[in-house]
Amino acid sequence: MTIAAARLIWPGCVCFVGIGVPSAAANLARLTHAPDIVLIYESGAIGTQPRVLPLSIGDGELAETADAVVSLPEIFSYWLQAGRIDVGFLGAAQIDRFGNLNTTVIGGYGKPKTRMPGAGGAPEIAHHAKQIFVVLKQSPRSFVAQLDFCTSAGFLNGNGERARRGIPGAGPQGVITDLGVLKPAAGSQELTLVARYENVSVDKVRAATGWPLAVADIIDVVAPPTADELRVLRDLHKRTDIAHAGDARRFRKTPRPSLEQARSIA
Amino acid sequence: MQLGSLQEIIDQYIHDGQSVALEGFTHLIPFAAGHEILRQKKRDLHLIRMTPDLIYDQLIGVGCARALTFSWGGNPGVGSLHRLRDAVENDWPRPLEIHEHSHAGMAAAYTAGAARLPFGMLRGYVATDLSSVNPQIREVRCPYTNENIATVPAINPDVTVLHAQAADRQGNILLRGIVGAQKEAALAATTLIVTVEEIVESLAAPMNAIVLPHWVVTAIAEVPTGAYPSYAHGYYARDNAFYLAWDEIARDRDRFTAWITTHVLCSRDHAEFLDSLAVAA
């Protein structure tokens, strides 16, 4: 999934990335075929080249290796809102057939079954970036007929509604999952399966989708990872794991007090 | 500008029922100040922060907050803030009123607050459900182009609390690294409290550096390592392993309460808190 996502990025692309698979994919692209990609993190780091993947969106590593570090109001207004971003890379808990995204709640908003972190930068990234790539695992729980909450707009109800609402960016032009790749169909803008991984059948992708999935006439097979892609990605993850094990030695050795102990002190 | 201990400053300037913003976007999060608020058992606070992070998970988990204004409520790179979730999903330990934004919306609200404008505006929130669950997100028609632009009311906290690298003897504050919306939150507030890594003779600030001049600062406390487990660029790194470990501590109500009691409530100050983590090492 990370490698398939990385391949969508072209040299020189100005890419606004979130933490997790998007960040791994964008950095993999930078370390392989797109060394001059411009990575922007919403914490204000512009043109950053982290040696390890950041755990948080604001790790010091991002600032140290950046061309410029700006404030949050500036990153969202002068850079994102002004239309200077080629690709916004997003994840989501739920996506619908028109690429609308939910990262807010499962269940009702007032009394949610699962409260998730929420919007962050996503609604405006989805709005302003010239296009969006979405990365998430595909299952009937994540690919749903009806979102529980619309955090970030994709194509709304399709057929040009996004443009009619005056939303400038072209919306989700690629959805990369662990089963394949979906792209919006011309006209309807409905997400359509255009590629699958080797050993994944179209039926399997259909079964992992909570609506009757549209399938392209010709389905590509995603080329398997090259030795170079795998090596670079593994090295990156290894460096990252070592870096994040960090200072915690102090903390990890702290024994958990018994409840009785804690209550007696309280 | 008053220079004092963190205990006396929190006691003097933070009161039950106030709106309080402890800002810092991943970097320079004022953990020491948050812990002191927790020790002094402030109640009914309206907490404001773009990214509530672990410090608000802790304040919410012990019941200091009645309301939260925020734009992303997770443990960065790890997952959920379990205490925040428990409050929203189960009203534990008490119900929490939430005012939810996007980052761009909240940045605009702080900017308006700092400029003493009634509202901030942005091209955003279009066709999302956020404006239907937060009635404060509205629209205004541009008098020049007639287009509709989203608006958010200015955020003007009663108190903003920041952590910074250094202050000089006069009370000028220098911030550097990832600076989030700290300058805006500082200038939007009625009262500004700052903890710093150190007080120095001269800031030797580069031209155009972010300096909050002494006459906008209400009070300063010197608290070394005051952002731990967040970080202070140039002083110490973010303890990412602590953030990973917090997931398990905060998942369980009893374990959370035991941790807070042992490490925060039973420590007299931040130095003792850090010692309590190190003692067993």
# chains A, B, ... in the order shown; residues from 1 in each chain; ligands from 1
>>> select_by_dssp(residues="segment 4-253 of chain B", states="strand (DSSP E)", output="ChimeraX atom specification")
/B:19-22,45-48,65-70,74-75,79-80,97-100,119-122,138-141,148-153,159-168,173-175,191-200,210-212,219-222
>>> write_last_selection(atoms="C-alpha atoms", output="JSON list (two decimals), in the first residue's frame")
[["chain", "number", "residue", "atom", "x", "y", "z"],
["B", 19, "SER", "CA", -11.25, 29.70, 29.51],
["B", 20, "VAL", "CA", -7.64, 28.59, 29.35],
["B", 21, "ALA", "CA", -5.46, 27.83, 26.31],
["B", 22, "LEU", "CA", -2.26, 25.87, 26.86],
["B", 45, "LEU", "CA", -12.28, 25.10, 32.96],
["B", 46, "HIS", "CA", -13.06, 25.70, 29.31],
["B", 47, "LEU", "CA", -9.92, 24.24, 27.79],
["B", 48, "ILE", "CA", -8.79, 25.48, 24.38],
["B", 65, "ALA", "CA", -12.69, 20.61, 32.31],
["B", 66, "ARG", "CA", -16.34, 21.37, 31.54],
["B", 67, "ALA", "CA", -15.71, 22.28, 27.89],
["B", 68, "LEU", "CA", -13.12, 21.77, 25.17],
["B", 69, "THR", "CA", -12.49, 23.78, 22.02],
["B", 70, "PHE", "CA", -10.20, 21.84, 19.68],
["B", 74, "GLY", "CA", -5.61, 12.34, 19.10],
["B", 75, "ASN", "CA", -2.29, 11.05, 20.43],
["B", 79, "GLY", "CA", -4.06, 6.82, 18.12],
["B", 80, "SER", "CA", -6.76, 7.92, 20.50],
["B", 97, "GLU", "CA", -19.06, 20.02, 26.09],
["B", 98, "ILE", "CA", -17.12, 20.09, 22.83],
["B", 99, "HIS", "CA", -16.64, 22.91, 20.32],
["B", 100, "GLU", "CA", -15.02, 21.33, 17.33],
["B", 119, "PHE", "CA", -14.38, 36.78, 13.77],
["B", 120, "GLY", "CA", -11.87, 35.05, 11.57],
["B", 121, "MET", "CA", -12.59, 33.85, 8.06],
["B", 122, "LEU", "CA", -11.39, 31.16, 5.75],
["B", 138, "ARG", "CA", -21.13, 30.43, 9.94],
["B", 139, "GLU", "CA", -20.79, 32.35, 6.68],
["B", 140, "VAL", "CA", -20.42, 35.94, 5.62],
["B", 141, "ARG", "CA", -20.96, 37.40, 2.18],
["B", 148, "ASN", "CA", -19.67, 33.30, 0.75],
["B", 149, "ILE", "CA", -16.75, 32.84, 3.14],
["B", 150, "ALA", "CA", -16.79, 30.67, 6.28],
["B", 151, "THR", "CA", -16.42, 32.48, 9.60],
["B", 152, "VAL", "CA", -15.44, 31.46, 13.11],
["B", 153, "PRO", "CA", -15.78, 33.65, 16.20],
["B", 159, "VAL", "CA", -5.55, 32.92, 30.11],
["B", 160, "THR", "CA", -3.03, 31.57, 27.60],
["B", 161, "VAL", "CA", -0.17, 29.48, 28.93],
["B", 162, "LEU", "CA", 2.94, 28.84, 26.82],
["B", 163, "HIS", "CA", 6.29, 27.17, 27.30],
["B", 164, "ALA", "CA", 9.30, 28.80, 25.59],
["B", 165, "GLN", "CA", 13.02, 28.31, 25.37],
["B", 166, "ALA", "CA", 14.13, 31.44, 27.15],
["B", 167, "ALA", "CA", 13.26, 34.74, 28.78],
["B", 168, "ASP", "CA", 15.63, 37.57, 29.58],
["B", 173, "ILE", "CA", 10.30, 35.73, 25.60],
["B", 174, "LEU", "CA", 11.99, 33.91, 22.71],
["B", 175, "LEU", "CA", 10.25, 31.05, 20.88],
["B", 191, "THR", "CA", -3.56, 37.06, 30.76],
["B", 192, "LEU", "CA", -0.37, 35.47, 29.41],
["B", 193, "ILE", "CA", 1.64, 33.07, 31.51],
["B", 194, "VAL", "CA", 4.90, 31.65, 30.18],
["B", 195, "THR", "CA", 7.16, 28.95, 31.55],
["B", 196, "VAL", "CA", 10.71, 28.91, 30.17],
["B", 197, "GLU", "CA", 13.63, 26.53, 30.05],
["B", 198, "GLU", "CA", 15.91, 29.23, 31.39],
["B", 199, "ILE", "CA", 16.21, 32.88, 32.20],
["B", 200, "VAL", "CA", 19.19, 34.43, 30.47],
["B", 210, "ILE", "CA", 9.45, 35.39, 17.49],
["B", 211, "VAL", "CA", 9.83, 37.50, 20.58],
["B", 212, "LEU", "CA", 6.94, 38.24, 22.90],
["B", 219, "ALA", "CA", 3.98, 36.27, 34.53],
["B", 220, "ILE", "CA", 6.98, 34.02, 33.94],
["B", 221, "ALA", "CA", 8.21, 30.94, 35.78],
["B", 222, "GLU", "CA", 11.50, 29.25, 35.09]]
>>> interface_residues(of="chain B", to="chain A", cutoff="6 Å", atoms="only C-alpha atoms", output="list in words")
Thr26, Ser71, Trp72, Gly73, Gly74, Pro76, Gly77, Arg85, Glu89, Ser102, His103, Ala104, Ala107, Gly124, Thr128, Asp129, Val179, Gly180, Ala181, Asp239, Asn240, Ala241, Phe242, Ala258, Leu277, Ala278, Ala280 and Ala281 of chain B
>>> residues_around(residues="Arg30 of chain A", least_positions_apart="2", cutoff="10 Å", atoms="only C-alpha atoms", output="list in words")
Ala6, Ile9, Trp10, Pro11, Gly12, Cys13, Ala24, Ala25, Ala26, Asn27, Leu28, Thr32, His33, Ala34, Pro35, Asp36, Ile37, Val38, Leu39 and Gln49 of chain A
>>> closest_residue(among="B:Arg49, B:Arg116, B:His214, B:Arg176", to="Gly234 of chain B", atoms="only C-alpha atoms")
B:Arg176
>>> closest_residue(among="A:Gly158, A:Gly180, A:Gly83, A:Pro22", to="Leu53 of chain A", atoms="only C-alpha atoms")
A:Pro22
